[in-house]
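Peer 1: Sharing model_35.cif here; it has mmCIF, C-alpha atoms.
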```cif
data_upload
loop_
_atom_site.label_atom_id
_atom_site.label_comp_id
_atom_site.auth_asym_id
_atom_site.auth_seq_id
_atom_site.Cartn_x
_atom_site.Cartn_y
_atom_site.Cartn_z
CA MET G 1 41.13 4.38 -26.92
CA LYS G 2 44.03 5.05 -29.21
CA PHE G 3 44.25 3.32 -32.52
CA GLN G 4 47.83 2.88 -33.61
CA THR G 5 48.93 0.51 -36.28
CA GLN G 6 52.29 -0.65 -35.06
CA LEU G 7 53.26 -4.19 -35.76
CA GLU G 8 54.50 -4.96 -32.29
CA PHE G 9 51.19 -4.46 -30.61
CA PRO G 10 48.99 -7.46 -30.09
CA GLN G 11 45.62 -7.43 -31.71
CA PHE G 12 42.48 -7.56 -29.68
CA LYS G 13 39.24 -7.87 -31.61
CA GLY G 14 40.92 -6.37 -34.63
CA GLU G 15 42.21 -3.39 -32.69
CA ALA G 16 45.78 -2.83 -31.69
CA LEU G 17 46.31 -3.01 -28.00
CA THR G 18 48.77 -0.23 -27.25
CA GLN G 19 48.97 -0.66 -23.55
CA LEU G 20 47.79 -2.96 -20.85
CA PRO G 21 44.36 -1.96 -19.73
CA ASP G 22 44.67 -0.42 -16.28
CA ASP G 23 41.66 -2.21 -15.02
CA LEU G 24 42.41 -5.67 -16.30
CA PHE G 25 42.20 -6.75 -12.72
CA ILE G 26 39.94 -4.82 -10.44
CA PRO G 27 41.54 -4.77 -7.02
CA PRO G 28 39.10 -5.88 -4.34
CA GLU G 29 39.63 -2.63 -2.42
CA ALA G 30 38.27 -0.74 -5.39
CA LEU G 31 35.13 -2.78 -5.37
CA GLU G 32 34.65 -2.53 -1.66
CA ILE G 33 33.64 1.10 -1.93
CA TYR G 34 30.80 0.23 -4.23
CA LEU G 35 29.71 -2.94 -2.54
CA GLU G 36 26.77 -1.55 -0.67
CA ASP G 37 25.81 0.66 -3.51
CA PHE G 38 24.91 -1.93 -6.12
CA SER G 39 21.21 -2.35 -6.56
CA GLY G 40 21.49 -5.92 -7.83
CA PRO G 41 23.45 -8.40 -9.94
CA MET G 42 22.62 -6.55 -13.17
CA ASP G 43 24.04 -3.39 -11.67
CA VAL G 44 27.26 -5.24 -10.78
CA LEU G 45 27.55 -6.63 -14.30
CA LEU G 46 27.01 -3.23 -15.89
CA TYR G 47 29.62 -1.78 -13.58
CA LEU G 48 32.14 -4.45 -14.55
CA ILE G 49 31.42 -3.87 -18.24
CA GLN G 50 31.59 -0.09 -18.02
CA LYS G 51 34.73 -0.26 -15.95
CA ARG G 52 36.38 -2.04 -18.86
CA ASP G 53 34.95 0.54 -21.22
CA ILE G 54 33.64 -2.07 -23.59
CA ASN G 55 30.39 -2.27 -25.49
CA ILE G 56 27.83 -4.56 -23.95
CA LEU G 57 27.75 -6.36 -27.28
CA ASP G 58 31.43 -7.28 -26.96
CA LEU G 59 30.78 -8.95 -23.65
CA ASP G 60 33.61 -11.32 -22.81
CA ILE G 61 31.72 -13.89 -20.84
CA SER G 62 34.74 -15.73 -19.53
CA GLU G 63 36.37 -12.64 -18.10
CA ILE G 64 33.20 -11.07 -16.77
CA THR G 65 32.25 -14.35 -15.12
CA ASP G 66 35.58 -14.50 -13.30
CA GLN G 67 35.27 -10.91 -12.13
CA TYR G 68 31.70 -11.39 -11.09
CA ILE G 69 32.51 -14.47 -9.05
CA GLN G 70 35.43 -12.62 -7.50
CA TYR G 71 33.01 -9.93 -6.49
CA ILE G 72 30.59 -12.39 -4.97
CA GLU G 73 33.36 -14.08 -3.01
CA LEU G 74 34.41 -10.71 -1.72
CA MET G 75 30.91 -9.90 -0.59
CA ASP G 76 30.76 -13.25 1.11
CA ALA G 77 34.12 -12.66 2.80
CA LEU G 78 32.91 -9.30 4.07
CA LYS G 79 29.83 -11.02 5.47
CA ILE G 80 27.53 -8.90 3.37
CA GLU G 81 24.27 -10.69 2.99
CA LEU G 82 24.06 -11.99 -0.54
CA ALA G 83 20.68 -12.02 -2.17
CA ALA G 84 19.98 -15.33 -3.86
CA ASP G 85 19.65 -13.39 -7.10
CA TYR G 86 23.39 -12.81 -7.12
CA LEU G 87 23.98 -16.54 -7.09
CA VAL G 88 21.40 -17.06 -9.83
CA MET G 89 23.33 -14.60 -11.98
CA ALA G 90 26.59 -16.42 -11.24
CA ALA G 91 24.96 -19.65 -12.38
CA THR G 92 23.60 -17.97 -15.51
CA LEU G 93 27.05 -16.64 -16.37
CA ALA G 94 28.67 -20.01 -15.80
CA GLN G 95 26.06 -21.64 -18.00
CA ILE G 96 26.63 -19.18 -20.84
CA LYS G 97 30.37 -19.60 -20.45
CA SER G 98 30.10 -23.36 -20.77
CA ARG G 99 27.83 -23.09 -23.80
CA MET G 100 30.33 -20.77 -25.47
CA LEU G 101 33.05 -23.39 -24.94
CA ILE G 102 31.15 -26.17 -26.63
CA PRO G 103 32.00 -26.24 -30.34
CA GLN G 104 28.90 -25.57 -32.36
CA SER G 105 27.83 -28.29 -34.73
CA GLU G 106 26.63 -27.40 -38.20
CA GLU G 107 23.00 -27.95 -37.30
CA GLU G 108 23.24 -25.56 -34.38
CA GLU G 109 24.72 -22.80 -36.43
CA GLU G 110 21.34 -21.18 -36.69
CA GLU G 111 21.07 -21.18 -32.93
CA GLN G 112 21.30 -17.91 -31.07
CA ASP G 113 24.48 -16.68 -29.53
CA PRO G 114 24.35 -17.93 -25.92
CA ARG G 115 25.01 -14.39 -24.74
CA SER G 116 22.13 -12.78 -26.58
CA GLU G 117 19.52 -13.25 -23.85
CA LEU G 118 21.78 -11.79 -21.17
CA ILE G 119 22.84 -8.93 -23.41
CA LYS G 120 19.21 -8.09 -24.13
CA ARG G 121 18.46 -8.05 -20.42
CA LEU G 122 21.48 -5.89 -19.68
CA GLN G 123 20.47 -3.41 -22.36
CA GLU G 124 16.92 -3.27 -21.06
CA TYR G 125 18.13 -2.83 -17.50
CA GLN G 126 20.52 -0.09 -18.59
CA ARG G 127 17.65 1.91 -20.09
CA TYR G 128 15.80 1.98 -16.79
CA LYS G 129 18.93 2.49 -14.76
CA THR G 130 19.78 5.56 -16.82
CA ALA G 131 16.23 6.87 -16.54
CA SER G 132 16.17 6.29 -12.79
CA GLU G 133 19.38 8.28 -12.45
CA SER G 134 17.77 11.15 -14.36
CA ILE G 135 14.73 10.94 -12.11
CA SER G 136 16.96 10.93 -9.02
CA ASN G 137 18.47 14.16 -10.28
CA LEU G 138 15.14 15.91 -10.68
CA PRO G 139 14.52 18.57 -8.04
CA ARG G 140 12.67 16.80 -5.28
CA ILE G 141 10.48 18.12 -2.51
CA ASP G 142 12.14 18.28 0.92
CA ARG G 143 15.54 17.81 -0.70
CA ASP G 144 15.82 20.58 -3.30
CA LEU G 145 12.46 22.24 -2.96
CA PHE G 146 10.59 23.23 0.14
CA LEU G 147 7.01 24.32 0.52
CA ALA G 148 6.42 27.93 1.46
CA THR G 149 3.61 27.51 3.89
CA THR G 150 2.16 28.42 7.23
CA ALA G 151 0.63 24.96 7.49
CA LEU G 152 2.08 22.98 10.34
CA PRO G 153 4.15 20.00 9.37
CA LYS G 154 2.77 16.62 10.33
CA PHE G 155 4.22 15.80 13.68
CA LYS G 156 4.66 12.22 14.63
CA GLU G 157 2.85 11.27 17.78
CA PRO G 158 5.34 10.25 20.41
CA GLU G 159 5.17 6.57 21.04
CA ALA G 160 3.56 5.76 24.33
CA SER G 161 6.21 4.59 26.72
CA ILE G 162 5.51 1.55 28.80
CA ASN G 163 5.90 2.10 32.51
CA ILE G 164 5.77 -1.12 34.37
CA THR G 165 7.51 -2.45 37.44
CA PRO G 166 8.86 -5.99 37.62
CA GLN G 167 6.25 -6.70 40.32
CA GLU G 168 3.43 -5.67 38.04
CA LEU G 169 4.85 -7.78 35.25
CA ALA G 170 5.04 -10.78 37.58
CA THR G 171 1.47 -10.23 38.72
CA ILE G 172 0.23 -10.00 35.13
CA PHE G 173 2.19 -13.07 34.12
CA HIS G 174 0.72 -15.00 37.01
CA GLU G 175 -2.75 -13.82 36.14
CA VAL G 176 -2.33 -14.85 32.51
CA THR G 177 -0.99 -18.31 33.31
CA THR G 178 -3.72 -19.04 35.84
CA ARG G 179 -6.54 -17.56 33.79
CA PRO G 180 -9.37 -20.06 33.37
CA LYS G 181 -9.63 -21.46 29.90
CA PHE G 182 -12.42 -19.63 28.16
CA SER G 183 -11.93 -21.41 24.90
CA SER G 184 -14.18 -24.35 24.35
CA HIS G 185 -14.76 -26.98 21.76
CA HIS G 186 -16.78 -25.88 18.85
CA GLU G 187 -19.89 -27.94 18.67
CA ILE G 188 -21.68 -28.39 15.43
CA HIS G 189 -25.41 -28.12 15.77
CA PHE G 190 -27.24 -30.05 13.16
CA GLU G 191 -30.11 -28.17 11.69
CA GLU G 192 -33.34 -29.14 13.31
CA LEU G 193 -35.37 -28.38 10.26
CA SER G 194 -34.26 -29.84 7.00
CA THR G 195 -34.89 -28.25 3.64
CA GLN G 196 -35.15 -31.69 2.06
CA ASP G 197 -37.98 -32.65 4.42
CA ARG G 198 -39.74 -29.37 3.73
CA ILE G 199 -39.54 -29.93 -0.03
CA ALA G 200 -41.17 -33.29 0.42
CA LEU G 201 -43.81 -31.78 2.66
CA ILE G 202 -44.68 -28.98 0.22
CA LEU G 203 -44.85 -31.43 -2.67
CA SER G 204 -47.20 -33.65 -0.76
CA ILE G 205 -49.47 -30.72 0.11
CA LEU G 206 -49.43 -29.50 -3.50
CA SER G 207 -50.41 -32.96 -4.72
CA LYS G 208 -53.68 -32.52 -2.86
CA ARG G 209 -54.27 -28.81 -3.31
CA ASN G 210 -53.28 -26.84 -6.38
CA VAL G 211 -52.55 -23.56 -4.63
CA ILE G 212 -51.39 -22.84 -1.12
CA GLN G 213 -50.26 -19.69 0.60
CA PHE G 214 -46.66 -19.40 1.69
CA PHE G 215 -47.50 -19.02 5.37
CA GLN G 216 -49.10 -22.46 5.23
CA THR G 217 -45.71 -24.05 4.58
CA TYR G 218 -44.36 -23.37 8.05
CA GLN G 219 -45.56 -23.36 11.60
CA LYS G 220 -45.39 -20.40 13.89
CA LYS G 221 -43.53 -22.32 16.56
CA GLU G 222 -40.72 -23.02 14.09
CA GLY G 223 -39.86 -19.34 14.20
CA LYS G 224 -37.44 -17.63 11.85
CA GLN G 225 -35.75 -20.87 10.99
CA GLY G 226 -39.02 -22.32 9.79
CA VAL G 227 -39.62 -19.37 7.44
CA VAL G 228 -36.11 -19.65 6.05
CA VAL G 229 -36.36 -23.39 5.45
CA ALA G 230 -39.80 -23.01 3.84
CA LEU G 231 -38.55 -20.25 1.58
CA LEU G 232 -35.47 -22.25 0.57
CA ALA G 233 -37.64 -25.25 -0.18
CA SER G 234 -40.07 -23.12 -2.23
CA LEU G 235 -37.28 -21.51 -4.22
CA ASP G 236 -35.72 -24.89 -4.84
CA LEU G 237 -38.99 -26.29 -6.13
CA ALA G 238 -39.67 -23.20 -8.26
CA LYS G 239 -36.21 -23.50 -9.78
CA ASP G 240 -36.86 -27.10 -10.77
CA GLY G 241 -40.24 -26.11 -12.21
CA HIS G 242 -42.39 -28.01 -9.69
CA LEU G 243 -44.25 -24.89 -8.65
CA GLU G 244 -44.74 -21.24 -9.45
CA LEU G 245 -44.37 -18.46 -6.95
CA ILE G 246 -47.10 -15.91 -7.42
CA GLN G 247 -47.55 -12.60 -5.73
CA ASN G 248 -50.35 -10.16 -6.54
CA LYS G 249 -49.40 -6.57 -6.87
CA ASP G 250 -51.82 -5.33 -4.24
CA SER G 251 -51.24 -7.99 -1.60
CA ASN G 252 -48.11 -9.12 0.14
CA GLN G 253 -49.31 -12.70 0.17
CA LEU G 254 -47.09 -15.18 -1.59
CA TYR G 255 -48.81 -18.11 -3.27
CA LEU G 256 -47.33 -21.44 -4.27
CA LYS G 257 -49.06 -22.87 -7.33
CA SER G 258 -48.43 -26.41 -8.48
CA THR G 259 -47.35 -26.89 -12.06
CA ASN G 260 -48.41 -30.53 -11.82
CA ARG G 261 -45.03 -31.70 -12.90
CA GLY G 262 -43.13 -34.41 -11.22
CA VAL G 263 -45.62 -34.62 -8.38
CA HIS G 264 -46.53 -38.16 -7.79
CA MET O 1 -13.24 41.03 1.56
CA THR O 2 -15.60 40.67 -1.35
CA ASP O 3 -13.70 43.28 -3.31
CA LEU O 4 -12.20 41.38 -6.24
CA GLN O 5 -9.16 43.62 -6.14
CA ASN O 6 -8.28 41.38 -3.22
CA LEU O 7 -8.28 38.26 -5.34
CA PRO O 8 -4.49 37.84 -5.60
CA ASN O 9 -4.26 38.22 -1.82
CA ILE O 10 -6.99 35.67 -1.26
CA VAL O 11 -5.30 33.20 -3.62
CA GLU O 12 -2.00 33.89 -1.89
CA SER O 13 -3.50 33.22 1.53
CA ILE O 14 -4.99 29.95 0.35
CA LEU O 15 -1.72 28.72 -1.19
CA PHE O 16 0.31 29.92 1.76
CA GLY O 17 -1.94 28.27 4.29
CA ALA O 18 -2.76 25.06 2.45
CA GLY O 19 0.72 23.57 2.44
CA ARG O 20 -0.19 21.35 -0.46
CA PRO O 21 -1.02 21.84 -4.14
CA MET O 22 -4.44 23.44 -4.68
CA ARG O 23 -6.54 23.14 -7.81
CA LEU O 24 -8.22 26.18 -9.34
CA SER O 25 -11.57 24.53 -8.66
CA GLU O 26 -10.64 23.93 -5.00
CA MET O 27 -9.80 27.61 -4.60
CA LYS O 28 -13.06 28.55 -6.30
CA THR O 29 -14.99 26.35 -3.84
CA LEU O 30 -13.21 27.87 -0.84
CA MET O 31 -14.05 31.36 -2.06
CA GLY O 32 -17.58 30.30 -2.92
CA SER O 33 -18.10 29.28 0.70
CA GLN O 34 -17.36 32.93 1.60
CA ASN O 35 -19.85 34.08 -1.04
CA ILE O 36 -17.14 35.23 -3.38
CA GLU O 37 -18.10 34.07 -6.84
CA VAL O 38 -15.18 34.06 -9.26
CA ASP O 39 -14.56 32.08 -12.40
CA LEU O 40 -11.51 29.90 -12.93
CA PRO O 41 -9.82 32.20 -15.49
CA SER O 42 -9.92 35.05 -12.94
CA ILE O 43 -8.15 32.86 -10.38
CA LYS O 44 -5.56 32.00 -13.02
CA VAL O 45 -5.05 35.72 -13.67
CA ALA O 46 -4.61 36.27 -9.93
CA LEU O 47 -2.03 33.47 -9.87
CA ASN O 48 -0.15 35.11 -12.72
CA SER O 49 -0.07 38.40 -10.86
CA LEU O 50 1.31 36.56 -7.82
CA GLU O 51 4.00 35.01 -9.98
CA GLU O 52 5.01 38.48 -11.10
CA LYS O 53 5.01 39.67 -7.54
CA TYR O 54 7.36 36.86 -6.49
CA ALA O 55 9.55 37.13 -9.59
CA ASP O 56 12.50 38.58 -7.68
CA SER O 57 12.01 36.64 -4.49
CA SER O 58 13.01 33.23 -3.17
CA ILE O 59 9.44 32.03 -3.50
CA GLU O 60 7.65 30.80 -6.60
CA ILE O 61 4.22 29.60 -7.62
CA LYS O 62 4.55 26.22 -9.28
CA GLU O 63 1.95 24.11 -11.02
CA VAL O 64 2.38 20.40 -10.30
CA ALA O 65 0.16 17.38 -10.90
CA SER O 66 -2.32 18.17 -8.10
CA GLY O 67 -2.55 21.93 -8.67
CA PHE O 68 -0.67 25.06 -7.72
CA ARG O 69 1.60 25.45 -4.73
CA MET O 70 3.91 27.99 -3.20
CA GLN O 71 7.47 26.83 -2.74
CA VAL O 72 10.97 28.00 -2.03
CA ARG O 73 12.94 28.16 -5.25
CA GLU O 74 15.40 25.36 -5.91
CA SER O 75 18.33 27.80 -5.83
CA TYR O 76 17.56 28.55 -2.18
CA GLY O 77 16.90 24.97 -1.19
CA ASP O 78 20.50 24.41 -0.09
CA PHE O 79 19.92 26.72 2.87
CA LEU O 80 16.99 24.68 4.06
CA TYR O 81 18.34 21.23 3.32
CA PRO O 82 20.34 20.93 6.56
CA LEU O 83 17.19 21.73 8.53
CA TRP O 84 15.33 18.88 6.88
CA ASN O 85 18.28 16.62 6.49
CA ASP O 86 17.02 13.31 7.69
CA THR O 87 17.23 9.88 6.17
CA SER O 88 13.85 10.31 4.48
CA SER O 89 15.34 12.48 1.74
CA ARG O 90 17.97 9.90 0.85
CA LEU O 91 16.54 7.26 -1.38
CA SER O 92 18.34 4.09 -2.35
CA LYS O 93 19.26 3.27 -5.93
CA ALA O 94 17.10 0.18 -5.70
CA LEU O 95 14.08 2.25 -4.69
CA MET O 96 14.62 4.76 -7.47
CA GLU O 97 15.04 2.00 -10.06
CA THR O 98 11.85 0.38 -8.84
CA VAL O 99 9.76 3.54 -8.97
CA SER O 100 11.25 4.44 -12.37
CA ILE O 101 10.24 1.11 -13.86
CA ILE O 102 6.74 1.60 -12.44
CA ALA O 103 6.61 5.13 -13.84
CA TYR O 104 7.59 4.17 -17.40
CA LYS O 105 5.84 0.83 -17.68
CA GLN O 106 2.77 1.20 -15.51
CA PRO O 107 0.77 -0.72 -14.60
CA VAL O 108 3.35 -3.33 -13.59
CA THR O 109 3.58 -6.20 -11.14
CA ARG O 110 6.51 -6.94 -8.88
CA GLY O 111 7.41 -9.73 -11.28
CA ASP O 112 7.71 -7.26 -14.17
CA ILE O 113 10.06 -5.12 -12.10
CA GLU O 114 12.12 -8.13 -11.07
CA ASP O 115 12.43 -9.25 -14.70
CA ILE O 116 14.12 -5.97 -15.56
CA ARG O 117 16.16 -5.46 -12.39
CA GLY O 118 17.22 -9.08 -12.09
CA VAL O 119 16.77 -8.97 -8.36
CA THR O 120 13.91 -9.54 -5.96
CA VAL O 121 11.97 -6.37 -5.20
CA SER O 122 11.97 -6.18 -1.44
CA THR O 123 8.71 -5.72 0.41
CA GLN O 124 10.41 -2.88 2.23
CA ILE O 125 10.87 -0.92 -1.01
CA ILE O 126 7.25 -1.38 -2.04
CA ARG O 127 6.08 -0.45 1.48
CA SER O 128 8.27 2.64 1.46
CA LEU O 129 6.90 3.73 -1.93
CA LEU O 130 3.33 3.13 -0.78
CA ASP O 131 4.01 5.07 2.45
CA ARG O 132 5.32 8.00 0.44
CA GLU O 133 2.20 7.72 -1.70
CA TRP O 134 4.41 7.55 -4.77
CA ILE O 135 2.73 4.38 -5.99
CA LYS O 136 -0.65 2.77 -5.57
CA VAL O 137 -2.27 -0.56 -6.32
CA THR O 138 -4.66 -0.12 -9.22
CA GLY O 139 -5.74 -3.69 -9.74
CA TYR O 140 -4.62 -7.26 -10.00
CA ARG O 141 -3.35 -9.04 -13.10
CA ASP O 142 -5.53 -11.90 -14.17
CA VAL O 143 -2.85 -14.58 -13.94
CA PRO O 144 -2.25 -17.23 -11.28
CA GLY O 145 -1.54 -15.58 -7.94
CA ARG O 146 -3.33 -12.41 -9.07
CA PRO O 147 -0.32 -10.13 -8.46
CA ALA O 148 -1.00 -6.49 -7.63
CA LEU O 149 -0.56 -3.94 -10.39
CA TYR O 150 1.27 -0.78 -9.38
CA GLU O 151 1.07 2.70 -10.84
CA THR O 152 2.67 5.96 -9.85
CA THR O 153 0.53 8.63 -8.23
CA LYS O 154 0.03 12.35 -8.65
CA ASN O 155 1.92 12.75 -5.41
CA PHE O 156 4.98 11.20 -7.05
CA LEU O 157 4.82 13.88 -9.75
CA ASN O 158 4.16 16.60 -7.15
CA ASP O 159 7.23 15.60 -5.19
CA LEU O 160 9.36 15.70 -8.34
CA ASN O 161 8.01 19.13 -9.25
CA LEU O 162 6.27 17.76 -12.34
CA LYS O 163 2.84 18.44 -13.78
CA SER O 164 2.38 15.33 -15.88
CA ILE O 165 3.89 11.89 -16.32
CA ASN O 166 5.01 13.07 -19.78
CA ASP O 167 7.36 15.54 -18.09
CA LEU O 168 9.56 12.71 -16.85
CA PRO O 169 12.99 12.44 -18.51
CA ALA O 170 12.70 10.39 -21.69
CA LEU O 171 13.43 6.69 -21.33
CA PRO O 172 16.48 5.83 -23.49
CA GLU O 173 15.43 4.12 -26.70
CA ALA O 174 15.59 0.36 -26.84
CA LEU O 175 17.82 -1.03 -29.55
CA PRO O 176 15.75 -2.98 -32.05
CA ALA O 177 16.09 -6.67 -31.25
CA GLY O 178 17.25 -7.42 -34.80
CA ASP O 179 20.16 -5.02 -34.49
CA THR O 180 21.40 -6.72 -31.38
CA LEU O 181 21.54 -10.09 -33.03
CA ASP O 182 23.05 -8.78 -36.25
CA GLN O 183 25.83 -7.11 -34.33
CA LEU O 184 26.43 -10.25 -32.36
CA GLU O 185 26.77 -12.31 -35.49
CA ALA O 186 29.05 -9.75 -37.08
CA SER O 187 31.32 -9.68 -34.07
#
```
Is it possible to express this structure as structure tokens?
Peer 2:
Amino acid sequence: MKFQTQLEFPQFKGEALTQLPDDLFIPPEALEIYLEDFSGPMDVLLYLIQKRDINILDLDISEITDQYIQYIELMDALKIELAADYLVMAATLAQIKSRMLIPQSEEEEEEQDPRSELIKRLQEYQRYKTASESISNLPRIDRDLFLATTALPKFKEPEASINITPQELATIFHEVTTRPKFSSHHEIHFEELSTQDRIALILSILSKRNVIQFFQTYQKKEGKQGVVVALLASLDLAKDGHLELIQNKDSNQLYLKSTNRGVH
Amino acid sequence: MTDLQNLPNIVESILFGAGRPMRLSEMKTLMGSQNIEVDLPSIKVALNSLEEKYADSSIEIKEVASGFRMQVRESYGDFLYPLWNDTSSRLSKALMETVSIIAYKQPVTRGDIEDIRGVTVSTQIIRSLLDREWIKVTGYRDVPGRPALYETTKNFLNDLNLKSINDLPALPEALPAGDTLDQLEAS
């Protein structure tokens, strides 16, 4: 930018404006080229700011909002699918714009500039955008670099093609629609042996005899379920301190010993 | 074959045939299985002699994150590019921004990425990065929803011809928050 101090020129932010900025209005055709290339609303904003060659900190919310909305309308007109995020940004801009218009009262003087949050985000985004451009320019395998190798590249398996005649399709459809219903209602089977009952049973046995062996707490005919219920009941009682589970090192017999507590 | 004079040739054959980066220890194991006992420094010396051998050729030995590999030098890549020119080598800006944020800030969640980019990170981008094995899920952040935490992989560095994450271009410095506000007030 040229800095000339001639009286005739209007002042803009303390600097003489020597000529009309070329890009005061960005013609829609100019934007069109970039439309598909923006990675998001932040990218659009940065583009609009850089196009005007202004510092992010000098962000003119009113102008940028107008340009941004113009851009969105253009995208809409071209039937390009607009991510909701673009509309969120439009709303954010409009909100900042309206806050800038409200005269600040004395109490609010300490309050932050309404733009500061957006400017911070733009600066942060710009850091990563710049870095990602540097990374994109790094030599990349299969674009700039290629392996020198005798190893065979990974071939994709050809997708199996489906060969089917309309007759076959009709037959299959008929078969599917007339297939007997294999699904059935799920029936809930109530447990035949209850842990609660077994607890009561063990307690009553232990009230008569101080020590019993574990196998005495179930009957053979009860099968696996009986063992499980007896074990659950024993563990439950041991947890509550009604009995001790004892097993000698040299035998695999499990003993239930009453602690004489809570047994009536 | 057990003649150690052969070592550069053996290393060359391994790199040429492997088609992926090979660690010194991997090469040692392969040779060990043929009863050739060599130490790692000797393999490194053999690699150096190969580098000299290729000095004036289109091929180079390059150390990347997952080991050493043999590759066509970048200056000759242009001749091969048309052969490989498919859509897979063209990556969108959105994808590159996403993987860059993961690379510099890892581990990050999708939410972290969205906070910076100001736009939803599409599932397609994440899937594409996972498919390329450029990123991986390394855990879940202990917040409601338990979002996945992403990190970049060694393969990401391999594909960018880098040995370590520290070799990435430096992230531009953030302006101190205070400065931003001061400038705003001054303006």
Peer 1: Please provide the set of residues having any atom within 9 Å of Leu80 (chain O), restricted to only C-alpha atoms, with same-chain residues fewer than 6 positions apart removed, written as JSON, numbers by chain.
Peer 2: {"G": [142, 143, 144, 145, 146]}
Peer 1: Take CA of Met42 (chain G) and CA of Pro144 (chain O) and report the distance between them in Å, one decimal.
Peer 2: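 Calculated distance between CA of Met42 (chain G) and CA of Pro144 (chain O) is 27.1 Å.
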Peer 1: Taking the file as I've supplied it (selection: the PyMOL selection byres ((chain G) within 10 of (chain O))), which residues are included? Please answer as JSON, numbers by chain.
Peer 2: {"G": [13, 37, 38, 39, 40, 41, 42, 43, 57, 58, 59, 83, 84, 85, 86, 88, 89, 112, 113, 115, 116, 117, 119, 120, 121, 122, 123, 124, 125, 126, 127, 128, 129, 130, 131, 132, 133, 134, 135, 136, 137, 138, 139, 140, 141, 142, 143, 144, 145, 146, 147, 148, 149, 150, 151, 152, 153]}
Peer 1: So how far away is CA of Thr195 (chain G) from CA of Leu232 (chain G), in Å?
Peer 2: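 Answer for the CA of Leu232 (chain G) to CA of Thr195 (chain G) separation: 6.8 Å.
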Peer 1: So how far away is CA of Lys224 (chain G) from CA of Leu243 (chain G), in Å?
Peer 2: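 CA of Lys224 (chain G) lies at a distance of 22.8 Å from CA of Leu243 (chain G).
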Peer 1: Run the PyMOL selection byres ((chain G and resi 237) around 12) on the file and write out the hits as a PyMOL selection string.
Peer 2: chain G and resi 195-196+198-203+206+230-236+238-245+256-263
Peer 1: Please identify all polymer residues within 6 Å of Leu149 (chain O), counting all atoms listed in the file, omitting same-chain residues fewer than 5 positions from it, and present them as a PDB file with C-alpha atoms, in the frame of the given file.
Peer 2:
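Result file follows (around-v7.pdb):
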```pdb
ATOM      1  CA  PRO O 107       0.770  -0.720 -14.600  1.00  0.00           C
ATOM      2  CA  VAL O 108       3.350  -3.330 -13.590  1.00  0.00           C
ATOM      3  CA  THR O 109       3.580  -6.200 -11.140  1.00  0.00           C
ATOM      4  CA  VAL O 137      -2.270  -0.560  -6.320  1.00  0.00           C
ATOM      5  CA  THR O 138      -4.660  -0.120  -9.220  1.00  0.00           C
ATOM      6  CA  GLY O 139      -5.740  -3.690  -9.740  1.00  0.00           C
ATOM      7  CA  TYR O 140      -4.620  -7.260 -10.000  1.00  0.00           C
TER       8      TYR O 140
END
```
Peer 1: List the neighbours of Ala46 (chain O) out to 10 Å using only C-alpha atoms; skip same-chain residues closer than 2 positions along the sequence, and give me the result as a short mmCIF file (atom, residue, chain, number, x, y, z; two decimals) with C-alpha atoms, keeping the file's coordinate frame.
Peer 2:
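And here is the file that came out, selection-v7.cif:
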```
data_model
loop_
_atom_site.label_atom_id
_atom_site.label_comp_id
_atom_site.auth_asym_id
_atom_site.auth_seq_id
_atom_site.Cartn_x
_atom_site.Cartn_y
_atom_site.Cartn_z
CA LEU O 4 -12.20 41.38 -6.24
CA GLN O 5 -9.16 43.62 -6.14
CA ASN O 6 -8.28 41.38 -3.22
CA LEU O 7 -8.28 38.26 -5.34
CA PRO O 8 -4.49 37.84 -5.60
CA ASN O 9 -4.26 38.22 -1.82
CA ILE O 10 -6.99 35.67 -1.26
CA VAL O 11 -5.30 33.20 -3.62
CA GLU O 12 -2.00 33.89 -1.89
CA LEU O 40 -11.51 29.90 -12.93
CA PRO O 41 -9.82 32.20 -15.49
CA SER O 42 -9.92 35.05 -12.94
CA ILE O 43 -8.15 32.86 -10.38
CA LYS O 44 -5.56 32.00 -13.02
CA ASN O 48 -0.15 35.11 -12.72
CA SER O 49 -0.07 38.40 -10.86
CA LEU O 50 1.31 36.56 -7.82
CA GLU O 51 4.00 35.01 -9.98
CA GLU O 52 5.01 38.48 -11.10
#
```
Peer 1: Could you list the residues chosen by the PyMOL selection byres ((chain O and resi 132) around 10) in this structure as a PyMOL selection string?
Peer 2: chain O and resi 88+126-131+133-136+153+155-156+159
Peer 1: So which residues are close to (28.8, -17.6, -18.3), meaning at most 9 Å away in the file's coordinates with all atoms listed in the file counted, and can you show them as a PyMOL selection string?
Peer 2: chain G and resi 61-62+64-66+89-100+114-115
